[in-house]
>>> print(open('upload_14.txt').read())   # compact mmCIF, C-alpha atoms and all ligand atoms
# COMPACT_ATOMS: atom_id res chain seq x y z
CA MET A 148 36.14 -53.46 -20.61
CA ASP A 149 32.82 -54.86 -19.48
CA ALA A 150 29.55 -53.08 -20.04
CA ALA A 151 29.16 -52.09 -16.40
CA ALA A 152 32.59 -50.45 -16.15
CA ASP A 153 31.80 -48.84 -19.49
CA ARG A 154 28.96 -47.01 -17.82
CA ASN A 155 31.37 -45.02 -15.59
CA ALA A 156 33.50 -44.23 -18.63
CA ALA A 157 30.46 -43.15 -20.68
CA LEU A 158 29.22 -40.90 -17.90
CA PHE A 159 32.69 -39.44 -17.40
CA ASP A 160 32.90 -38.67 -21.14
CA ARG A 161 29.57 -36.90 -21.02
CA ALA A 162 30.52 -35.14 -17.79
CA ARG A 163 33.76 -33.79 -19.22
CA ARG A 164 31.85 -32.08 -21.98
CA VAL A 165 29.75 -30.04 -19.59
CA LEU A 166 31.67 -29.92 -16.29
CA PRO A 167 35.33 -28.86 -16.08
CA GLY A 168 37.25 -32.09 -15.63
CA GLY A 169 33.92 -33.88 -15.41
CA VAL A 170 33.42 -32.97 -11.75
CA ASN A 171 32.31 -30.27 -9.37
CA SER A 172 35.31 -30.55 -7.05
CA PRO A 173 38.76 -31.39 -8.45
CA VAL A 174 39.95 -34.37 -6.44
CA ARG A 175 36.91 -36.41 -7.47
CA ALA A 176 38.30 -36.64 -11.00
CA PHE A 177 41.00 -39.24 -10.13
CA GLY A 178 43.62 -36.87 -11.55
CA ALA A 179 46.18 -38.01 -8.99
CA VAL A 180 45.66 -41.73 -9.54
CA GLY A 181 44.54 -41.93 -13.17
CA GLY A 182 41.57 -43.85 -14.52
CA THR A 183 37.86 -43.25 -14.44
CA PRO A 184 36.02 -42.21 -11.29
CA VAL A 185 33.21 -44.31 -9.93
CA PHE A 186 29.89 -42.57 -10.40
CA VAL A 187 27.80 -43.23 -7.33
CA ARG A 188 24.19 -44.26 -7.75
CA SER A 189 23.36 -44.55 -4.08
CA ALA A 190 24.92 -45.21 -0.73
CA LYS A 191 23.93 -46.71 2.60
CA GLY A 192 25.98 -47.03 5.78
CA CYS A 193 29.58 -47.50 4.68
CA ARG A 194 28.77 -48.99 1.26
CA LEU A 195 28.51 -47.27 -2.10
CA LEU A 196 26.65 -48.60 -5.10
CA GLY A 197 28.37 -47.50 -8.29
CA GLU A 198 26.77 -46.89 -11.66
CA ASP A 199 28.97 -49.83 -12.71
CA GLY A 200 26.72 -52.04 -10.58
CA ARG A 201 29.53 -52.80 -8.13
CA THR A 202 29.42 -52.24 -4.39
CA TYR A 203 32.34 -50.48 -2.74
CA LEU A 204 33.45 -50.13 0.84
CA ASP A 205 33.56 -46.35 1.26
CA MET A 206 36.64 -44.94 2.98
CA VAL A 207 35.91 -41.40 1.81
CA GLY A 208 32.70 -40.63 3.69
CA SER A 209 32.05 -37.64 1.43
CA TRP A 210 35.41 -36.29 2.68
CA GLY A 211 34.35 -36.07 6.26
CA PRO A 212 30.71 -35.17 6.83
CA LEU A 213 29.37 -38.71 7.16
CA LEU A 214 30.48 -39.57 10.67
CA LEU A 215 27.44 -41.84 11.02
CA GLY A 216 27.59 -43.27 7.51
CA HIS A 217 25.38 -42.69 4.49
CA ALA A 218 21.64 -42.25 4.76
CA HIS A 219 21.45 -42.57 8.54
CA PRO A 220 17.77 -43.25 9.20
CA ARG A 221 17.32 -40.46 11.74
CA ILE A 222 19.02 -37.87 9.56
CA VAL A 223 17.04 -38.94 6.51
CA LYS A 224 13.85 -38.66 8.54
CA ALA A 225 14.82 -35.19 9.76
CA ILE A 226 15.46 -34.02 6.21
CA ARG A 227 12.19 -35.48 4.91
CA GLU A 228 10.22 -33.78 7.64
CA ALA A 229 12.04 -30.50 7.15
CA ALA A 230 11.45 -30.57 3.39
CA GLY A 231 7.73 -30.88 3.95
CA ASP A 232 7.81 -27.78 6.12
CA GLY A 233 9.47 -25.63 3.47
CA THR A 234 13.00 -25.71 2.09
CA SER A 235 14.06 -22.11 2.60
CA PHE A 236 12.60 -19.08 4.33
CA GLY A 237 15.15 -16.29 4.20
CA MET A 238 13.78 -15.44 7.62
CA PRO A 239 14.83 -16.58 11.06
CA SER A 240 13.72 -20.01 12.25
CA ALA A 241 13.89 -21.80 15.59
CA VAL A 242 16.11 -24.58 14.34
CA GLU A 243 18.95 -22.10 13.72
CA VAL A 244 18.84 -21.11 17.37
CA GLU A 245 18.81 -24.73 18.52
CA MET A 246 21.69 -25.53 16.21
CA ALA A 247 23.80 -22.61 17.45
CA GLU A 248 23.07 -23.63 21.04
CA ALA A 249 24.08 -27.21 20.28
CA VAL A 250 27.39 -26.11 18.74
CA ALA A 251 28.15 -23.75 21.64
CA ARG A 252 27.34 -26.50 24.16
CA ALA A 253 29.74 -28.94 22.51
CA MET A 254 32.50 -26.40 21.85
CA PRO A 255 32.49 -23.76 24.58
CA SER A 256 34.99 -21.48 22.78
CA LEU A 257 32.20 -20.72 20.29
CA GLU A 258 30.14 -18.41 22.43
CA MET A 259 28.43 -17.17 19.29
CA VAL A 260 28.14 -18.79 15.87
CA ARG A 261 27.36 -17.69 12.32
CA PHE A 262 26.24 -20.41 9.89
CA THR A 263 27.34 -20.45 6.27
CA CYS A 264 26.88 -22.92 3.41
CA SER A 265 30.44 -24.28 3.22
CA GLY A 266 33.69 -24.60 5.10
CA THR A 267 35.28 -22.28 2.55
CA GLU A 268 32.92 -19.48 3.47
CA ALA A 269 33.40 -20.14 7.17
CA ALA A 270 37.20 -19.92 7.05
CA MET A 271 37.15 -16.94 4.70
CA SER A 272 34.71 -15.04 6.90
CA ALA A 273 36.62 -15.87 10.07
CA VAL A 274 39.69 -14.28 8.51
CA ARG A 275 37.74 -11.16 7.58
CA LEU A 276 36.64 -10.92 11.19
CA ALA A 277 40.18 -11.48 12.48
CA ARG A 278 41.47 -8.71 10.24
CA ALA A 279 38.72 -6.36 11.34
CA ALA A 280 39.22 -7.13 15.02
CA THR A 281 42.99 -6.70 14.97
CA GLY A 282 43.26 -3.98 12.33
CA ARG A 283 45.97 -6.10 10.70
CA ASP A 284 46.17 -7.59 7.21
CA LEU A 285 48.43 -10.63 7.24
CA VAL A 286 47.33 -14.23 7.72
CA LEU A 287 49.74 -16.94 8.73
CA LYS A 288 48.91 -20.45 7.54
CA PHE A 289 50.86 -23.66 7.21
CA ALA A 290 52.22 -25.30 4.09
CA GLY A 291 49.89 -28.16 3.24
CA GLY A 292 47.07 -26.61 5.26
CA TYR A 293 43.78 -26.35 3.41
CA HIS A 294 41.14 -23.86 4.46
CA GLY A 295 38.87 -23.89 1.44
CA HIS A 296 39.38 -22.07 -1.82
CA ALA A 297 39.18 -18.39 -0.85
CA ASP A 298 41.91 -16.44 -2.66
CA GLY A 299 44.13 -15.78 0.31
CA PHE A 300 44.21 -19.42 1.34
CA LEU A 301 45.34 -20.77 -2.04
CA VAL A 302 48.96 -20.46 -1.10
CA GLU A 303 50.79 -23.71 -0.50
CA ALA A 304 47.39 -25.28 0.11
CA GLY A 305 47.21 -29.02 0.56
CA SER A 306 44.57 -31.47 -0.60
CA GLY A 307 43.35 -31.09 -4.19
CA ALA A 308 45.56 -28.06 -4.78
CA ALA A 309 48.65 -30.04 -3.80
CA THR A 310 47.51 -33.11 -5.64
CA GLY A 311 47.19 -31.17 -8.86
CA GLY A 312 50.72 -29.87 -8.36
CA VAL A 313 49.40 -26.32 -8.15
CA PRO A 314 50.91 -24.73 -5.05
CA SER A 315 48.67 -21.75 -5.52
CA SER A 316 46.30 -20.88 -8.32
CA PRO A 317 46.21 -18.53 -11.26
CA GLY A 318 43.56 -15.93 -10.69
CA VAL A 319 44.76 -15.18 -7.18
CA PRO A 320 46.14 -11.63 -7.26
CA ALA A 321 49.73 -11.35 -6.12
CA SER A 322 48.61 -8.68 -3.68
CA VAL A 323 46.20 -11.11 -2.05
CA ALA A 324 48.67 -14.00 -1.96
CA GLY A 325 51.20 -11.56 -0.55
CA ALA A 326 49.06 -11.12 2.54
CA THR A 327 49.44 -14.83 3.36
CA LEU A 328 52.51 -16.06 5.21
CA THR A 329 53.31 -19.75 5.20
CA ALA A 330 55.02 -21.65 7.99
CA ARG A 331 56.06 -25.26 8.43
CA TYR A 332 53.54 -27.37 10.34
CA ASN A 333 54.73 -28.59 13.75
CA ASP A 334 57.50 -25.98 13.70
CA LEU A 335 57.00 -23.30 16.34
CA ALA A 336 60.36 -21.70 15.63
CA ASP A 337 59.26 -21.07 12.05
CA VAL A 338 56.03 -19.47 13.27
CA GLU A 339 57.90 -17.32 15.74
CA ARG A 340 60.37 -16.23 13.05
CA LEU A 341 57.49 -15.05 10.82
CA LEU A 342 55.64 -13.33 13.64
CA ARG A 343 58.81 -11.43 14.56
CA ALA A 344 59.63 -10.55 10.96
CA HIS A 345 56.10 -9.16 10.52
CA ALA A 346 55.67 -7.79 14.02
CA GLY A 347 52.32 -6.13 14.62
CA ARG A 348 50.99 -7.10 11.19
CA VAL A 349 49.63 -10.66 11.57
CA ALA A 350 45.87 -10.77 12.14
CA CYS A 351 45.60 -14.48 12.74
CA VAL A 352 47.32 -17.82 12.64
CA ALA A 353 45.05 -20.28 10.82
CA VAL A 354 45.72 -23.92 11.53
CA GLU A 355 44.13 -27.32 11.13
CA PRO A 356 44.67 -28.55 14.69
CA VAL A 357 44.86 -32.03 13.19
CA ALA A 358 46.23 -31.61 9.69
CA GLY A 359 44.07 -33.61 7.30
CA ASN A 360 44.81 -32.16 3.90
CA MET A 361 48.44 -33.19 3.51
CA GLY A 362 47.43 -36.66 4.62
CA VAL A 363 46.92 -37.04 8.35
CA VAL A 364 49.61 -35.23 10.33
CA PRO A 365 48.96 -35.02 14.07
CA PRO A 366 50.03 -31.94 15.98
CA GLU A 367 53.14 -32.77 17.99
CA PRO A 368 52.84 -32.40 21.76
CA GLY A 369 53.12 -28.72 22.59
CA PHE A 370 52.54 -27.45 19.04
CA LEU A 371 49.00 -26.15 19.54
CA GLU A 372 49.79 -24.86 23.03
CA GLY A 373 52.83 -23.14 21.55
CA LEU A 374 50.70 -21.47 18.87
CA ARG A 375 48.36 -20.24 21.56
CA GLY A 376 51.29 -18.68 23.42
CA LEU A 377 52.83 -17.15 20.29
CA CYS A 378 49.51 -15.64 19.24
CA ASP A 379 49.02 -14.13 22.68
CA GLY A 380 52.56 -12.80 22.68
CA HIS A 381 52.19 -11.17 19.27
CA GLY A 382 48.61 -9.95 19.48
CA ALA A 383 47.39 -12.29 16.73
CA LEU A 384 44.20 -14.31 16.91
CA LEU A 385 44.34 -18.09 16.82
CA LEU A 386 41.94 -19.57 14.24
CA PHE A 387 41.35 -23.29 14.43
CA ASP A 388 40.04 -24.69 11.18
CA GLU A 389 38.06 -27.61 12.54
CA VAL A 390 36.10 -28.21 9.35
CA ILE A 391 37.36 -31.81 9.46
CA SER A 392 38.19 -32.28 13.13
CA GLY A 393 35.07 -30.64 14.59
CA PHE A 394 32.84 -33.40 16.02
CA ARG A 395 35.32 -36.00 14.72
CA ALA A 396 38.48 -35.64 16.81
CA GLY A 397 36.07 -35.90 19.74
CA PRO A 398 32.77 -34.46 20.91
CA GLY A 399 34.49 -31.11 21.51
CA GLY A 400 36.64 -31.24 18.37
CA ALA A 401 40.41 -31.03 18.41
CA GLN A 402 40.21 -28.08 20.81
CA GLY A 403 38.47 -30.36 23.30
CA LEU A 404 40.86 -33.24 22.66
CA TYR A 405 44.04 -31.20 23.08
CA GLY A 406 42.69 -28.66 25.54
CA VAL A 407 43.70 -25.55 23.60
CA ARG A 408 41.19 -22.75 23.24
CA PRO A 409 41.29 -20.81 19.97
CA ASP A 410 39.86 -17.32 19.50
CA LEU A 411 37.98 -18.31 16.38
CA THR A 412 36.89 -21.64 14.95
CA ALA A 413 35.73 -22.65 11.49
CA LEU A 414 33.44 -25.65 11.20
CA GLY A 415 31.84 -27.52 8.32
CA LYS A 416 31.42 -31.07 7.05
CA ILE A 417 29.98 -33.06 10.03
CA ILE A 418 27.85 -30.19 11.33
CA GLY A 419 25.74 -30.35 8.18
CA GLY A 420 24.90 -34.03 8.60
CA GLY A 421 25.68 -34.44 4.89
CA LEU A 422 24.03 -31.20 3.76
CA PRO A 423 25.99 -28.05 2.92
CA VAL A 424 26.76 -26.22 6.16
CA GLY A 425 29.71 -24.30 7.51
CA ALA A 426 30.02 -22.16 10.60
CA TYR A 427 32.42 -19.84 12.30
CA GLY A 428 32.36 -18.71 15.84
CA GLY A 429 34.34 -17.61 18.83
CA ARG A 430 34.35 -15.23 21.73
CA ARG A 431 31.31 -13.01 22.04
CA VAL A 432 33.32 -9.77 21.81
CA LEU A 433 34.69 -10.91 18.49
CA MET A 434 31.48 -12.28 17.03
CA GLU A 435 29.55 -9.16 18.04
CA ARG A 436 31.55 -7.41 15.32
CA VAL A 437 29.75 -9.44 12.64
CA ALA A 438 26.87 -7.75 10.83
CA PRO A 439 24.23 -6.81 11.74
CA SER A 440 25.39 -6.51 15.37
CA GLY A 441 28.69 -5.06 14.10
CA PRO A 442 30.24 -3.67 10.94
CA VAL A 443 31.98 -6.79 9.53
CA TYR A 444 29.78 -7.72 6.61
CA GLN A 445 28.99 -11.34 5.82
CA ALA A 446 25.72 -12.81 4.59
CA GLY A 447 24.08 -15.71 2.77
CA THR A 448 20.73 -16.23 1.07
CA LEU A 449 20.68 -19.89 2.03
CA SER A 450 22.69 -19.61 5.27
CA GLY A 451 20.98 -21.37 8.15
CA ASN A 452 18.88 -23.19 5.61
CA PRO A 453 16.18 -25.15 7.46
CA LEU A 454 16.91 -28.47 5.70
CA ALA A 455 20.61 -28.22 6.44
CA MET A 456 20.02 -27.07 10.01
CA ARG A 457 17.61 -29.93 10.73
CA ALA A 458 20.08 -32.46 9.31
CA GLY A 459 22.97 -30.95 11.25
CA LEU A 460 21.00 -30.70 14.45
CA GLU A 461 19.98 -34.33 14.21
CA MET A 462 23.65 -35.27 13.75
CA LEU A 463 24.66 -33.28 16.83
CA ARG A 464 21.77 -34.73 18.83
CA ILE A 465 22.80 -38.27 17.99
CA LEU A 466 26.39 -37.53 19.00
CA ALA A 467 25.25 -35.97 22.26
CA GLU A 468 22.99 -38.96 23.00
CA GLN A 469 25.59 -41.53 21.99
CA PRO A 470 29.00 -40.24 23.12
CA GLN A 471 30.25 -43.82 22.93
CA VAL A 472 30.44 -43.29 19.15
CA PHE A 473 33.79 -41.57 19.66
CA ALA A 474 35.30 -44.45 21.62
CA ARG A 475 34.08 -46.83 18.97
CA LEU A 476 35.57 -44.74 16.15
CA GLU A 477 38.85 -44.67 18.05
CA SER A 478 38.92 -48.44 18.40
CA LEU A 479 37.96 -49.00 14.76
CA GLY A 480 40.72 -46.58 13.77
CA ALA A 481 43.21 -48.36 16.02
CA ASP A 482 42.29 -51.72 14.48
CA LEU A 483 42.64 -50.37 10.95
CA GLU A 484 45.98 -48.80 11.83
CA ALA A 485 47.28 -52.03 13.37
CA GLY A 486 46.06 -54.08 10.41
CA LEU A 487 47.63 -51.75 7.87
CA ARG A 488 50.91 -51.60 9.80
CA ASP A 489 51.02 -55.37 9.78
CA ALA A 490 50.21 -55.56 6.07
CA ALA A 491 52.87 -52.93 5.39
CA ALA A 492 55.48 -54.48 7.71
CA PRO A 493 57.55 -55.88 4.81
CA PHE A 494 57.68 -52.33 3.41
CA ALA A 495 58.31 -50.48 6.66
CA ASP A 496 61.18 -48.54 5.05
CA ARG A 497 58.84 -47.24 2.32
CA THR A 498 55.54 -46.64 4.11
CA CYS A 499 54.07 -45.30 7.32
CA VAL A 500 50.62 -45.08 8.82
CA GLN A 501 49.51 -41.94 10.66
CA ARG A 502 46.22 -41.65 12.49
CA VAL A 503 44.17 -39.50 14.79
CA GLY A 504 40.97 -41.27 15.82
CA SER A 505 38.93 -42.08 12.72
CA LEU A 506 41.27 -40.19 10.36
CA LEU A 507 44.15 -42.14 8.85
CA THR A 508 46.66 -41.95 6.03
CA LEU A 509 48.95 -44.64 4.68
CA PHE A 510 51.90 -42.68 3.32
CA PHE A 511 54.21 -44.18 0.72
CA CYS A 512 57.28 -42.79 2.43
CA PRO A 513 59.02 -43.61 5.70
CA GLY A 514 57.66 -41.84 8.74
CA PRO A 515 57.18 -39.79 10.63
CA VAL A 516 55.52 -37.25 8.36
CA ARG A 517 55.60 -34.06 10.42
CA ASN A 518 54.83 -31.47 7.75
CA PHE A 519 54.11 -30.93 4.08
CA GLU A 520 57.76 -31.16 3.05
CA ASP A 521 57.88 -34.64 4.56
CA ALA A 522 54.60 -35.60 2.87
CA LEU A 523 55.93 -34.53 -0.52
CA ARG A 524 58.54 -37.30 -0.28
CA ALA A 525 55.75 -39.86 -0.71
CA ASP A 526 55.83 -42.06 -3.79
CA ARG A 527 52.63 -40.89 -5.46
CA ALA A 528 52.93 -43.37 -8.33
CA ALA A 529 52.99 -46.21 -5.79
CA PHE A 530 49.95 -44.69 -4.10
CA GLY A 531 48.15 -44.63 -7.46
CA ARG A 532 48.84 -48.34 -8.00
CA PHE A 533 47.76 -49.10 -4.45
CA PHE A 534 44.58 -47.06 -4.87
CA HIS A 535 43.58 -49.00 -7.98
CA GLY A 536 44.51 -52.31 -6.36
CA MET A 537 42.17 -51.45 -3.48
CA LEU A 538 39.43 -50.26 -5.85
CA ARG A 539 39.59 -53.51 -7.83
CA ARG A 540 39.06 -55.29 -4.52
CA GLY A 541 36.03 -53.15 -3.77
CA VAL A 542 37.57 -50.64 -1.36
CA HIS A 543 37.19 -47.00 -2.39
CA LEU A 544 39.95 -44.90 -0.81
CA PRO A 545 40.28 -41.15 -1.26
CA PRO A 546 41.88 -40.92 -4.71
CA ALA A 547 45.03 -39.05 -3.69
CA GLN A 548 47.97 -39.55 -1.35
CA PHE A 549 47.52 -36.28 0.54
CA GLU A 550 44.11 -37.10 1.94
CA ALA A 551 42.70 -38.72 5.04
CA TRP A 552 40.74 -41.93 4.98
CA PHE A 553 37.52 -41.29 6.85
CA LEU A 554 35.96 -43.95 9.05
CA SER A 555 32.36 -43.74 10.19
CA ALA A 556 30.28 -45.33 12.91
CA ALA A 557 28.72 -47.42 10.13
CA HIS A 558 32.04 -49.22 9.64
CA GLY A 559 32.55 -52.36 11.70
CA ASP A 560 35.05 -55.12 12.35
CA GLU A 561 34.07 -56.84 9.13
CA GLU A 562 34.81 -53.74 7.06
CA ILE A 563 38.14 -53.16 8.79
CA GLY A 564 38.97 -56.77 8.00
CA GLN A 565 37.99 -56.31 4.37
CA ALA A 566 40.13 -53.19 4.00
CA VAL A 567 43.15 -54.81 5.65
CA ALA A 568 42.82 -57.99 3.56
CA ALA A 569 42.66 -55.90 0.39
CA ALA A 570 45.71 -53.90 1.49
CA ARG A 571 47.65 -57.10 2.15
CA GLU A 572 47.31 -57.93 -1.54
CA ALA A 573 47.41 -54.43 -2.99
CA LEU A 574 50.57 -53.29 -1.16
CA PRO A 575 53.03 -55.79 -2.68
CA GLU A 576 51.48 -55.12 -6.10
CA ALA A 577 51.87 -51.38 -5.66
CA LEU A 578 55.45 -51.65 -4.49
CA GLY A 579 56.45 -54.13 -7.16
CA VAL A 580 57.17 -57.00 -4.82
CA ARG A 581 55.70 -60.48 -4.80
CA PRO A 582 53.88 -61.19 -1.53
C1 LIG B 601 36.99 -29.27 3.48
C2 LIG B 601 37.74 -28.25 4.21
C3 LIG B 601 37.47 -26.89 4.07
C4 LIG B 601 36.51 -26.37 3.04
O1 LIG B 601 35.23 -26.79 3.26
P1 LIG B 601 34.21 -26.81 2.00
O2 LIG B 601 32.90 -27.13 2.62
O3 LIG B 601 34.75 -27.83 1.07
O4 LIG B 601 34.23 -25.45 1.40
C5 LIG B 601 38.11 -26.00 4.89
N1 LIG B 601 39.00 -26.42 5.80
C6 LIG B 601 39.31 -27.72 5.96
C7 LIG B 601 40.28 -28.13 7.01
C8 LIG B 601 38.72 -28.68 5.15
O5 LIG B 601 39.06 -29.95 5.26
>>> encode(input="upload_14.txt", output="structure tokens")
Amino acid sequence: MDAAADRNAALFDRARRVLPGGVNSPVRAFGAVGGTPVFVRSAKGCRLLGEDGRTYLDMVGSWGPLLLGHAHPRIVKAIREAAGDGTSFGMPSAVEVEMAEAVARAMPSLEMVRFTCSGTEAAMSAVRLARAATGRDLVLKFAGGYHGHADGFLVEAGSGAATGGVPSSPGVPASVAGATLTARYNDLADVERLLRAHAGRVACVAVEPVAGNMGVVPPEPGFLEGLRGLCDGHGALLLFDEVISGFRAGPGGAQGLYGVRPDLTALGKIIGGGLPVGAYGGRRVLMERVAPSGPVYQAGTLSGNPLAMRAGLEMLRILAEQPQVFARLESLGADLEAGLRDAAAPFADRTCVQRVGSLLTLFFCPGPVRNFEDALRADRAAFGRFFHGMLRRGVHLPPAQFEAWFLSAAHGDEEIGQAVAAAREALPEALGVRP
């Protein structure tokens, strides 16, 4: 091993002594693919500079927030200016109002918004509100759906929880897990069956309108509309978890793209411009129940933090000024999809590519992948070999099969070409076939 690569290994050794698994969020540890994670020294646009001295094409984008790439000059400037004005007040500030107005403008179903510091908090708080508003206890989610790490959501959760082979987690009381029902994604009959079996007891149906945490699984035509109808029919609220899809699926999120209006929405990732922000919102009558205007308690010392709000607001301003970003992301995504399909053509019986806009997954199983059960058929060992083949060629994919690749506006034709060329070589290696 050369000295540079040694540096990642040395840091990982040190890290594992003081951080569980060497990381602060599980999937970063390469547990699903083996090997040593790249420690990032800095990043710009769509490129990462590792502590190993190598440059990587970044297909992770911090797991979603960096729609405009790393260190976007306007966002960096906004953060610098904000920092000089004070990093936290614990009192109201104008930028929070502007930010809430910007979110409501882009996503009209959010008549009122509450900002939090993470997507986890947003989804968790939205569920508390749904329970309070309906006077019901049960939450219906989908297998492979990830809504952050609140207790009640760690039931058949996707993403890192699935990757680690932990369908739920120790430490989640059975009584809490018991209040979560799990349905099959893209299966309205399954949802209806559960709503009937638990008639009058389901507070909300929580769904990623574009599933991104079992790998990318698009909603089938009619699925989201069907959920809307079922919720209305059974008196349950519809909660869209748009922590990934908000401001990525389109300027109005997945709800804008598919034209389905949820009662409540959880946001995160992009709305922080790379700083820690989450938000939940919905109809005014619902949100008025949140403290202090109503009795549903939820708070945060650093919520609406001025640094995070200024970064997020700058992100939303850029997207409002440059709506063409979304068309460009769509065409970059389409090119990447076409390139990967071509590279994978000799293995069409063992792979499939699924994409929504700038979110894409190359599954190591035949398609279509419609739900988590389908995704679990993927050959994860082959993915691991593919991942390392790509990494050796300087392309850093999300280090697990059940994740989305995230494109940003900082990616261009050259980067798509680089990723496809790397895949052309890495695929036959991963699948044990000579090119
Ligand atoms: C990332 C994610 C969350 C959790 O957000 P954090 O900021 O990591 O707490 C919730 N829901 C979805 C769909 C996500 O992808």
>>> residues_near_ligand(input="upload_14.txt", ligand="ligand LIG 601 (chain B)", cutoff="9 Å", atoms="all atoms listed in the file", output="count of residues only")
37
>>> residues_around(input="upload_14.txt", residues="stretch 345-349 of chain A", least_positions_apart="6", cutoff="6 Å", atoms="all atoms listed in the file", output="list in words")
Arg283, Leu285, Val286 and Ala383 of chain A
>>> closest_residue(input="upload_14.txt", among="A:Tyr444, A:Phe511, A:Phe553, A:Tyr427", to="A:Ala251", atoms="all atoms listed in the file")
A:Tyr427
>>> atom_distance(input="upload_14.txt", atom1="atom CA of A:Ala277", atom2="atom CA of A:Ala350")
5.7 Å
>>> residues_around(input="upload_14.txt", residues="A:Val352", least_positions_apart="6", cutoff="8 Å", atoms="only C-alpha atoms", output="PyMOL selection string")
chain A and resi 286-288+374+378+383-386
>>> residues_around(input="upload_14.txt", residues="A:Ile222", least_positions_apart="6", cutoff="10 Å", atoms="all atoms listed in the file", output="list in words")
Leu215, Glu228, Gly420, Gly421, Arg457, Ala458, Gly459, Leu460, Glu461, Met462 and Ile465 of chain A
>>> write_last_selection(input="upload_14.txt", atoms="C-alpha atoms", output="JSON list (two decimals), in the frame of the given file")
[["chain", "number", "residue", "atom", "x", "y", "z"],
["A", 215, "LEU", "CA", 27.44, -41.84, 11.02],
["A", 228, "GLU", "CA", 10.22, -33.78, 7.64],
["A", 420, "GLY", "CA", 24.90, -34.03, 8.60],
["A", 421, "GLY", "CA", 25.68, -34.44, 4.89],
["A", 457, "ARG", "CA", 17.61, -29.93, 10.73],
["A", 458, "ALA", "CA", 20.08, -32.46, 9.31],
["A", 459, "GLY", "CA", 22.97, -30.95, 11.25],
["A", 460, "LEU", "CA", 21.00, -30.70, 14.45],
["A", 461, "GLU", "CA", 19.98, -34.33, 14.21],
["A", 462, "MET", "CA", 23.65, -35.27, 13.75],
["A", 465, "ILE", "CA", 22.80, -38.27, 17.99]]
>>> residues_around(input="upload_14.txt", residues="A:Gly181", least_positions_apart="4", cutoff="10 Å", atoms="only C-alpha atoms", output="ChimeraX atom specification")
/A:176-177,528,531-532,534-535,546-547
>>> atom_distance(input="upload_14.txt", atom1="atom CA of A:Glu550", atom2="atom CA of A:His217")
19.7 Å
>>> atom_distance(input="upload_14.txt", atom1="atom CA of A:Phe519", atom2="atom CA of A:Gly291")
5.1 Å
>>> build_atoms(input="upload_14.txt", residues="stretch 531-543 of chain A", atoms="N, CA and C atoms", output="PDB file, in the frame of the given file")
ATOM      1  N   GLY A 531      49.121 -44.444  -6.374  1.00  0.00           N
ATOM      2  CA  GLY A 531      48.150 -44.630  -7.460  1.00  0.00           C
ATOM      3  C   GLY A 531      47.911 -46.116  -7.738  1.00  0.00           C
ATOM      4  N   ARG A 532      49.000 -46.892  -7.773  1.00  0.00           N
ATOM      5  CA  ARG A 532      48.840 -48.340  -8.000  1.00  0.00           C
ATOM      6  C   ARG A 532      48.091 -48.980  -6.841  1.00  0.00           C
ATOM      7  N   PHE A 533      48.427 -48.562  -5.645  1.00  0.00           N
ATOM      8  CA  PHE A 533      47.760 -49.100  -4.450  1.00  0.00           C
ATOM      9  C   PHE A 533      46.271 -48.754  -4.486  1.00  0.00           C
ATOM     10  N   PHE A 534      45.983 -47.509  -4.798  1.00  0.00           N
ATOM     11  CA  PHE A 534      44.580 -47.060  -4.870  1.00  0.00           C
ATOM     12  C   PHE A 534      43.781 -47.962  -5.815  1.00  0.00           C
ATOM     13  N   HIS A 535      44.329 -48.188  -7.008  1.00  0.00           N
ATOM     14  CA  HIS A 535      43.580 -49.000  -7.980  1.00  0.00           C
ATOM     15  C   HIS A 535      43.512 -50.467  -7.562  1.00  0.00           C
ATOM     16  N   GLY A 536      44.553 -50.938  -6.883  1.00  0.00           N
ATOM     17  CA  GLY A 536      44.510 -52.310  -6.360  1.00  0.00           C
ATOM     18  C   GLY A 536      43.387 -52.452  -5.332  1.00  0.00           C
ATOM     19  N   MET A 537      43.236 -51.449  -4.499  1.00  0.00           N
ATOM     20  CA  MET A 537      42.170 -51.450  -3.480  1.00  0.00           C
ATOM     21  C   MET A 537      40.799 -51.345  -4.171  1.00  0.00           C
ATOM     22  N   LEU A 538      40.721 -50.467  -5.165  1.00  0.00           N
ATOM     23  CA  LEU A 538      39.430 -50.260  -5.850  1.00  0.00           C
ATOM     24  C   LEU A 538      38.983 -51.550  -6.542  1.00  0.00           C
ATOM     25  N   ARG A 539      39.928 -52.228  -7.195  1.00  0.00           N
ATOM     26  CA  ARG A 539      39.590 -53.510  -7.830  1.00  0.00           C
ATOM     27  C   ARG A 539      39.037 -54.497  -6.816  1.00  0.00           C
ATOM     28  N   ARG A 540      39.524 -54.380  -5.588  1.00  0.00           N
ATOM     29  CA  ARG A 540      39.060 -55.290  -4.520  1.00  0.00           C
ATOM     30  C   ARG A 540      37.862 -54.715  -3.775  1.00  0.00           C
ATOM     31  N   GLY A 541      37.289 -53.664  -4.332  1.00  0.00           N
ATOM     32  CA  GLY A 541      36.030 -53.150  -3.770  1.00  0.00           C
ATOM     33  C   GLY A 541      36.183 -52.192  -2.614  1.00  0.00           C
ATOM     34  N   VAL A 542      37.376 -51.606  -2.454  1.00  0.00           N
ATOM     35  CA  VAL A 542      37.570 -50.640  -1.360  1.00  0.00           C
ATOM     36  C   VAL A 542      37.890 -49.284  -1.994  1.00  0.00           C
ATOM     37  N   HIS A 543      37.021 -48.318  -1.776  1.00  0.00           N
ATOM     38  CA  HIS A 543      37.190 -47.000  -2.390  1.00  0.00           C
ATOM     39  C   HIS A 543      37.879 -46.067  -1.409  1.00  0.00           C
TER      40      HIS A 543
END
